[in-house]
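structure35.txt, holding compact mmCIF, C-alpha atoms:
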# COMPACT_ATOMS: atom_id res chain seq x y z
CA MET A 28 118.20 89.65 114.09
CA SER A 29 117.59 91.11 110.65
CA LYS A 30 119.20 94.34 109.67
CA THR A 31 117.16 97.22 108.29
CA VAL A 32 118.42 100.29 106.54
CA GLY A 33 116.97 103.56 105.45
CA LEU A 34 118.06 104.43 101.95
CA SER A 35 118.67 108.15 101.74
CA VAL A 36 119.06 109.73 98.34
CA LEU A 37 120.12 113.26 97.46
CA ILE A 38 117.94 114.44 94.59
CA GLY A 39 118.03 118.04 93.47
CA GLY A 40 119.41 119.13 96.84
CA VAL A 41 116.64 117.36 98.76
CA LEU A 42 117.52 114.51 101.08
CA ALA A 43 114.81 111.87 100.78
CA CYS A 44 114.29 108.79 102.87
CA VAL A 45 113.14 106.37 100.18
CA ALA A 46 112.02 103.33 102.16
CA TYR A 47 113.02 101.06 104.99
CA ALA A 48 113.66 97.50 103.99
CA GLU A 49 115.91 94.62 104.76
CA VAL A 50 119.07 94.85 102.69
CA GLY A 51 118.50 93.03 99.40
CA SER A 52 115.00 92.02 100.41
CA VAL A 53 111.99 91.63 98.21
CA LEU A 54 109.03 93.13 100.01
CA LYS A 55 105.45 91.95 99.82
CA ASP A 56 102.15 93.68 100.42
CA GLY A 57 101.89 95.00 103.97
CA GLN A 58 105.68 95.20 104.45
CA LEU A 59 106.35 98.69 103.12
CA ALA A 60 107.02 101.19 105.90
CA LEU A 61 105.12 104.45 106.21
CA PRO A 62 107.78 107.12 105.59
CA ALA A 63 107.84 109.57 108.49
CA ASN A 64 108.63 112.57 106.30
CA TYR A 65 106.17 112.01 103.44
CA LYS A 66 104.33 115.32 104.01
CA GLN A 67 107.54 117.07 102.97
CA TRP A 68 107.56 115.26 99.62
CA PRO A 69 106.23 116.72 96.40
CA VAL A 70 102.44 116.62 96.12
CA PHE A 71 101.18 114.13 93.55
CA LEU A 72 97.59 115.44 93.78
CA THR A 73 95.66 117.07 96.56
CA ASN A 74 91.99 117.42 97.43
CA VAL A 75 91.02 114.53 95.15
CA GLN A 76 87.23 114.35 95.34
CA ARG A 77 85.62 110.91 95.72
CA PRO A 78 81.92 111.66 96.25
CA ASP A 79 81.08 108.00 95.54
CA LEU A 80 82.96 107.07 98.73
CA LYS A 81 82.40 110.39 100.53
CA GLN A 82 86.18 110.81 100.74
CA VAL A 83 88.83 113.38 99.97
CA ARG A 84 92.35 112.19 99.21
CA ASP A 85 95.80 113.79 99.30
CA ILE A 86 98.61 111.94 97.54
CA TYR A 87 102.35 112.51 97.89
CA VAL A 88 105.21 111.10 95.80
CA ASN A 89 108.79 110.79 96.98
CA PRO A 90 111.50 112.79 95.16
CA ALA A 91 112.58 109.70 93.18
CA GLY A 92 109.06 109.28 91.82
CA ALA A 93 108.71 113.01 91.17
CA GLN A 94 111.48 112.64 88.58
CA ALA A 95 109.18 110.50 86.43
CA VAL A 96 108.67 111.58 82.84
CA GLN A 97 105.22 111.53 81.25
CA GLY A 98 104.79 108.54 78.96
CA GLN A 99 107.29 106.45 80.92
CA MET A 100 107.08 104.27 83.99
CA PHE A 101 107.87 105.60 87.44
CA PRO A 102 111.45 104.75 88.43
CA ASP A 103 112.32 101.95 90.84
CA GLY A 104 112.38 103.36 94.36
CA THR A 105 109.18 105.35 93.82
CA VAL A 106 106.94 105.53 96.88
CA MET A 107 103.51 107.17 96.98
CA VAL A 108 101.48 107.91 100.09
CA MET A 109 97.73 108.48 99.95
CA GLU A 110 95.82 109.99 102.86
CA LEU A 111 92.10 109.13 102.94
CA TYR A 112 89.87 111.61 104.73
CA SER A 113 86.22 111.24 105.56
CA ALA A 114 84.42 114.18 104.02
CA LYS A 115 81.62 116.57 104.70
CA ASN A 116 79.68 118.63 102.19
CA GLY A 117 81.34 121.93 101.47
CA ALA A 118 80.71 124.95 99.31
CA GLN A 119 79.66 124.63 95.67
CA GLY A 120 79.17 120.86 95.83
CA GLN A 121 82.79 120.20 96.81
CA LEU A 122 83.65 117.82 99.61
CA GLU A 123 85.77 119.09 102.45
CA LYS A 124 88.22 117.05 104.49
CA ASP A 125 86.97 115.91 107.86
CA GLN A 126 88.93 113.22 109.72
CA LEU A 127 91.98 111.31 108.47
CA VAL A 128 90.76 107.71 108.24
CA LYS A 129 93.63 105.70 106.69
CA VAL A 130 96.97 106.12 105.01
CA PHE A 131 98.00 103.85 102.14
CA VAL A 132 101.54 103.40 100.84
CA MET A 133 102.42 102.15 97.36
CA GLY A 134 106.05 101.38 96.53
CA LYS A 135 107.95 100.01 93.57
CA ASN A 136 111.20 98.07 93.33
CA PRO A 137 112.49 95.12 91.30
CA GLY A 138 110.87 91.81 92.24
CA TRP A 139 108.21 93.34 94.47
CA GLY A 140 104.56 92.33 94.16
CA GLN A 141 105.14 89.08 92.31
CA GLY A 142 103.59 86.48 94.61
CA VAL A 143 100.00 87.28 93.67
CA ALA A 144 97.45 85.97 91.17
CA ASP A 145 98.07 87.11 87.59
CA ASN A 146 94.89 89.19 87.51
CA LEU A 147 96.11 91.14 90.55
CA LYS A 148 99.67 91.84 89.41
CA THR A 149 100.64 95.48 89.30
CA GLY A 150 104.15 95.33 87.95
CA ASN A 151 106.63 95.74 90.80
CA TRP A 152 104.27 97.74 93.01
CA ILE A 153 103.26 96.70 96.53
CA PHE A 154 100.75 98.20 98.96
CA ALA A 155 100.48 98.73 102.72
CA ALA A 156 97.91 100.40 104.99
CA TYR A 157 98.20 102.41 108.20
CA ASP A 158 95.84 104.00 110.68
CA PRO A 159 95.93 107.80 111.19
CA LYS A 160 98.59 107.44 113.88
CA GLY A 161 100.89 105.38 111.64
CA LYS A 162 100.10 101.96 113.10
CA PRO A 163 100.15 99.18 110.47
CA LEU A 164 96.74 97.79 109.56
CA ALA A 165 96.08 94.21 108.53
CA GLU A 166 94.26 95.51 105.47
CA ASP A 167 93.37 93.19 102.60
CA VAL A 168 95.07 95.03 99.75
CA THR A 169 93.38 92.83 97.15
CA LYS A 170 91.04 95.79 96.57
CA CYS A 171 94.05 98.04 95.92
CA ARG A 172 95.49 95.55 93.47
CA ALA A 173 92.16 94.95 91.69
CA CYS A 174 91.67 98.69 91.22
CA HIS A 175 95.25 99.35 90.01
CA ALA A 176 95.71 96.20 87.88
CA PRO A 177 93.89 97.52 84.77
CA LEU A 178 96.20 100.55 84.60
CA ALA A 179 99.28 98.91 83.06
CA LYS A 180 99.42 101.62 80.37
CA HIS A 181 100.03 104.18 83.15
CA ASP A 182 102.35 102.05 85.29
CA PHE A 183 99.38 100.99 87.45
CA VAL A 184 99.02 104.54 88.82
CA HIS A 185 95.62 106.22 89.05
CA ARG A 186 95.33 109.80 87.80
CA TYR A 187 98.64 109.49 85.93
CA GLU A 188 97.60 111.93 83.17
CA GLU A 189 96.09 114.38 85.65
CA TYR A 190 99.31 114.39 87.68
CA PHE A 191 101.50 115.22 84.69
CA GLN A 192 99.09 117.89 83.43
CA LYS A 193 99.05 119.62 86.81
CA ARG A 194 102.76 119.18 87.42
CA GLY A 195 103.96 120.48 84.08
CA HIS A 196 107.52 119.72 83.07
CA VAL A 197 110.29 118.60 85.42
CA HIS A 198 113.30 120.87 85.03

Take the structure I supplied and represent it as structure tokens, if you would.
Amino acid sequence: MSKTVGLSVLIGGVLACVAYAEVGSVLKDGQLALPANYKQWPVFLTNVQRPDLKQVRDIYVNPAGAQAVQGQMFPDGTVMVMELYSAKNGAQGQLEKDQLVKVFVMGKNPGWGQGVADNLKTGNWIFAAYDPKGKPLAEDVTKCRACHAPLAKHDFVHRYEEYFQKRGHVH
């Protein structure tokens, strides 16, 4: 029986469950757990409008990732969670959240995400998908990789500049 651990880190007085993984393991796409407490993490961006997909997205970053400095890569141990909501037309041309459709998790650690084609490599990031109730989905994350792969300059993270502009400086 394999042993799993939850790595808890105290950052700025906040206890954060970073990820669940086998000790010393190198995770692959689909193996990253959905953190139970992610809604208590710092917000990466919220109410991200995707009219092309008729979606609204909320994105959270764990406390380790929230320590990132603009112009540098996110630290190892960073985990981001993105909620995808179906959307309905709202006021002033804005979309409004309707139903939570899927939850995606993106995590980074040394050696992760390496067993993929070169054109789909995203550094040490891996991806996993969950249904609204937290059940793992057998999602083909090739689309995730293809969309993130061109963003090497921003550590393969969409809306990198927007995040740092909205966040301001970490104290």

Next item on the list: Take CA of Trp68 in chain A and CA of Ala179 in chain A and report the distance between them in Å, one decimal.
Entry: 24.7 Å

Next item on the list: Grab the CA of Ala60 in chain A to CA of Val88 in chain A distance for me, in Å with one decimal place.
Entry: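 So the two atoms, CA of Ala60 in chain A and CA of Val88 in chain A, lie 14.3 Å apart.
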
Neighbours of Val75 in chain A within 10 Å (all atoms listed in the file; same-chain residues fewer than 2 positions away dropped), as an mmCIF file with C-alpha atoms, in the frame of the given file?
data_model
loop_
_atom_site.group_PDB
_atom_site.id
_atom_site.type_symbol
_atom_site.label_atom_id
_atom_site.label_comp_id
_atom_site.auth_asym_id
_atom_site.auth_seq_id
_atom_site.Cartn_x
_atom_site.Cartn_y
_atom_site.Cartn_z
ATOM 1 C CA LEU A 72 97.590 115.440 93.780
ATOM 2 C CA THR A 73 95.660 117.070 96.560
ATOM 3 C CA ARG A 77 85.620 110.910 95.720
ATOM 4 C CA PRO A 78 81.920 111.660 96.250
ATOM 5 C CA GLN A 82 86.180 110.810 100.740
ATOM 6 C CA VAL A 83 88.830 113.380 99.970
ATOM 7 C CA ARG A 84 92.350 112.190 99.210
ATOM 8 C CA ASP A 85 95.800 113.790 99.300
ATOM 9 C CA ILE A 86 98.610 111.940 97.540
ATOM 10 C CA LEU A 111 92.100 109.130 102.940
ATOM 11 C CA LEU A 122 83.650 117.820 99.610
ATOM 12 C CA ARG A 186 95.330 109.800 87.800
#

Note to self: Could you check the closest approach to Ala155 in chain A for each of A:Gln97, A:Pro62, A:Ser52, A:Lys115 and tell me which residue wins, using only C-alpha atoms?
What the structure shows: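 Between A:Gln97, A:Pro62, A:Ser52, A:Lys115, the residue approaching Ala155 in chain A most closely is A:Pro62.
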
Please provide the set of residues having any atom within 9 Å of Lys135 in chain A, restricted to all atoms listed in the file, with same-chain residues fewer than 4 positions apart removed, written as a PDB file with C-alpha atoms, in the frame of the given file.
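Result file is selection_16.pdb:
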ATOM      1  CA  PHE A 101     107.870 105.600  87.440  1.00  0.00           C
ATOM      2  CA  PRO A 102     111.450 104.750  88.430  1.00  0.00           C
ATOM      3  CA  ASP A 103     112.320 101.950  90.840  1.00  0.00           C
ATOM      4  CA  GLY A 104     112.380 103.360  94.360  1.00  0.00           C
ATOM      5  CA  THR A 105     109.180 105.350  93.820  1.00  0.00           C
ATOM      6  CA  VAL A 106     106.940 105.530  96.880  1.00  0.00           C
ATOM      7  CA  TRP A 139     108.210  93.340  94.470  1.00  0.00           C
ATOM      8  CA  GLY A 140     104.560  92.330  94.160  1.00  0.00           C
ATOM      9  CA  GLY A 150     104.150  95.330  87.950  1.00  0.00           C
ATOM     10  CA  ASN A 151     106.630  95.740  90.800  1.00  0.00           C
ATOM     11  CA  TRP A 152     104.270  97.740  93.010  1.00  0.00           C
ATOM     12  CA  ILE A 153     103.260  96.700  96.530  1.00  0.00           C
TER      13      ILE A 153
END

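The smallest atom-to-atom distance between Leu164 in chain A and any of A:Gly98, A:Gly134, A:Phe71, A:Asp56, using all atoms listed in the file, is found for A:Asp56.
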
Checklist line | Distance criterion (all atoms listed in the file): nearest to Asp125 in chain A out of A:Gln67, A:Ser113, A:Gln192, A:Thr149 | finding: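 With all atoms listed in the file as the atom set, the closest residue is A:Ser113.
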
Item checked: Distance in Å - CA of Met107 in chain A versus CA of Phe131 in chain A ->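 Taking CA of Met107 in chain A and CA of Phe131 in chain A, their separation equals 8.2 Å.
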
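Closest approach to Gly120 in chain A among A:Gln94, A:Gln76, A:Asn89, A:Lys160: A:Gln76, based on all atoms listed in the file.
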
Next item on the list: Fewer than 5 positions away in the same chain doesn't count, so skip those; otherwise give me all residues within 8 Å of His181 in chain A, counting only C-alpha atoms, as a PyMOL selection string.
Entry: chain A and resi 98-100+187

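Remark: for Lys124 in chain A, the closest of the candidate residues A:Ala176, A:Asp182, A:Gly92, A:Lys81 is A:Lys81 (distances computed over only C-alpha atoms).
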
Notebook entry, point to check: So which one's closest to Ala114 in chain A, A:Asn136, A:Thr169, A:Asn74, A:Asn64? Using all atoms listed in the file, please.
Noted result: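 Counting all atoms listed in the file, the residue closest to Ala114 in chain A is A:Asn74.
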
What box, with edges along x, y and z, holds each listed atom of range 103-112 of chain A when 8 Å is added on every side, and can you state its centre and edge lengths in Å to one decimal, as JSON?
{"center_x": 101.1, "center_y": 106.8, "center_z": 97.8, "size_x": 38.5, "size_y": 25.7, "size_z": 29.9}

Item checked: All residues 10 Å or closer to Asn146 in chain A, only C-alpha atoms, same chain fewer than 5 positions away omitted, as a list in words ->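 These residues fall inside the cut-off: Arg172, Ala173, Ala176 and Pro177 of chain A.
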
For range 178-198 of chain A, supply N, CA, C and O atoms and report the output as a short mmCIF file (atom, residue, chain, number, x, y, z; two decimals), in the coordinates of the input.
data_model
loop_
_atom_site.label_atom_id
_atom_site.label_comp_id
_atom_site.auth_asym_id
_atom_site.auth_seq_id
_atom_site.Cartn_x
_atom_site.Cartn_y
_atom_site.Cartn_z
N LEU A 178 95.53 99.32 85.01
CA LEU A 178 96.20 100.55 84.60
C LEU A 178 97.63 100.34 84.13
O LEU A 178 98.48 101.22 84.29
N ALA A 179 97.92 99.21 83.52
CA ALA A 179 99.28 98.91 83.06
C ALA A 179 99.84 100.01 82.15
O ALA A 179 101.02 100.36 82.22
N LYS A 180 99.00 100.57 81.31
CA LYS A 180 99.42 101.62 80.37
C LYS A 180 100.00 102.83 81.12
O LYS A 180 100.84 103.55 80.59
N HIS A 181 99.55 103.06 82.34
CA HIS A 181 100.03 104.18 83.15
C HIS A 181 100.80 103.71 84.37
O HIS A 181 100.72 104.32 85.45
N ASP A 182 101.53 102.62 84.21
CA ASP A 182 102.35 102.05 85.29
C ASP A 182 101.53 101.77 86.55
O ASP A 182 102.02 101.93 87.66
N PHE A 183 100.27 101.40 86.36
CA PHE A 183 99.38 100.99 87.45
C PHE A 183 99.07 102.14 88.42
O PHE A 183 98.69 101.90 89.55
N VAL A 184 99.23 103.37 87.96
CA VAL A 184 99.02 104.54 88.82
C VAL A 184 97.76 105.28 88.38
O VAL A 184 97.65 105.71 87.23
N HIS A 185 96.82 105.43 89.31
CA HIS A 185 95.62 106.22 89.05
C HIS A 185 95.97 107.69 88.88
O HIS A 185 96.90 108.19 89.50
N ARG A 186 95.21 108.35 88.03
CA ARG A 186 95.33 109.80 87.80
C ARG A 186 96.70 110.19 87.27
O ARG A 186 97.18 111.30 87.48
N TYR A 187 97.33 109.28 86.55
CA TYR A 187 98.64 109.49 85.93
C TYR A 187 98.62 110.73 85.05
O TYR A 187 99.45 111.63 85.21
N GLU A 188 97.68 110.79 84.10
CA GLU A 188 97.60 111.93 83.17
C GLU A 188 97.33 113.23 83.92
O GLU A 188 97.94 114.26 83.63
N GLU A 189 96.42 113.19 84.87
CA GLU A 189 96.09 114.38 85.65
C GLU A 189 97.31 114.90 86.39
O GLU A 189 97.56 116.12 86.44
N TYR A 190 98.10 114.01 86.96
CA TYR A 190 99.31 114.39 87.68
C TYR A 190 100.26 115.15 86.75
O TYR A 190 100.74 116.23 87.08
N PHE A 191 100.53 114.58 85.59
CA PHE A 191 101.50 115.22 84.69
C PHE A 191 100.95 116.53 84.12
O PHE A 191 101.71 117.47 83.90
N GLN A 192 99.66 116.62 83.91
CA GLN A 192 99.09 117.89 83.43
C GLN A 192 99.21 118.97 84.49
O GLN A 192 99.57 120.10 84.18
N LYS A 193 98.96 118.63 85.74
CA LYS A 193 99.05 119.62 86.81
C LYS A 193 100.50 119.96 87.15
O LYS A 193 100.81 121.09 87.51
N ARG A 194 101.37 118.97 87.04
CA ARG A 194 102.76 119.18 87.42
C ARG A 194 103.50 120.02 86.38
O ARG A 194 104.38 120.79 86.73
N GLY A 195 103.19 119.83 85.12
CA GLY A 195 103.96 120.48 84.08
C GLY A 195 105.24 119.71 83.84
O GLY A 195 105.31 118.50 84.08
N HIS A 196 106.25 120.38 83.42
CA HIS A 196 107.52 119.72 83.07
C HIS A 196 108.49 119.74 84.24
O HIS A 196 108.59 120.74 84.94
N VAL A 197 109.23 118.64 84.42
CA VAL A 197 110.29 118.60 85.42
C VAL A 197 111.51 119.28 84.80
O VAL A 197 111.86 119.01 83.66
N HIS A 198 112.13 120.15 85.55
CA HIS A 198 113.30 120.87 85.03
C HIS A 198 114.57 120.24 85.50
O HIS A 198 114.73 119.79 86.55
#
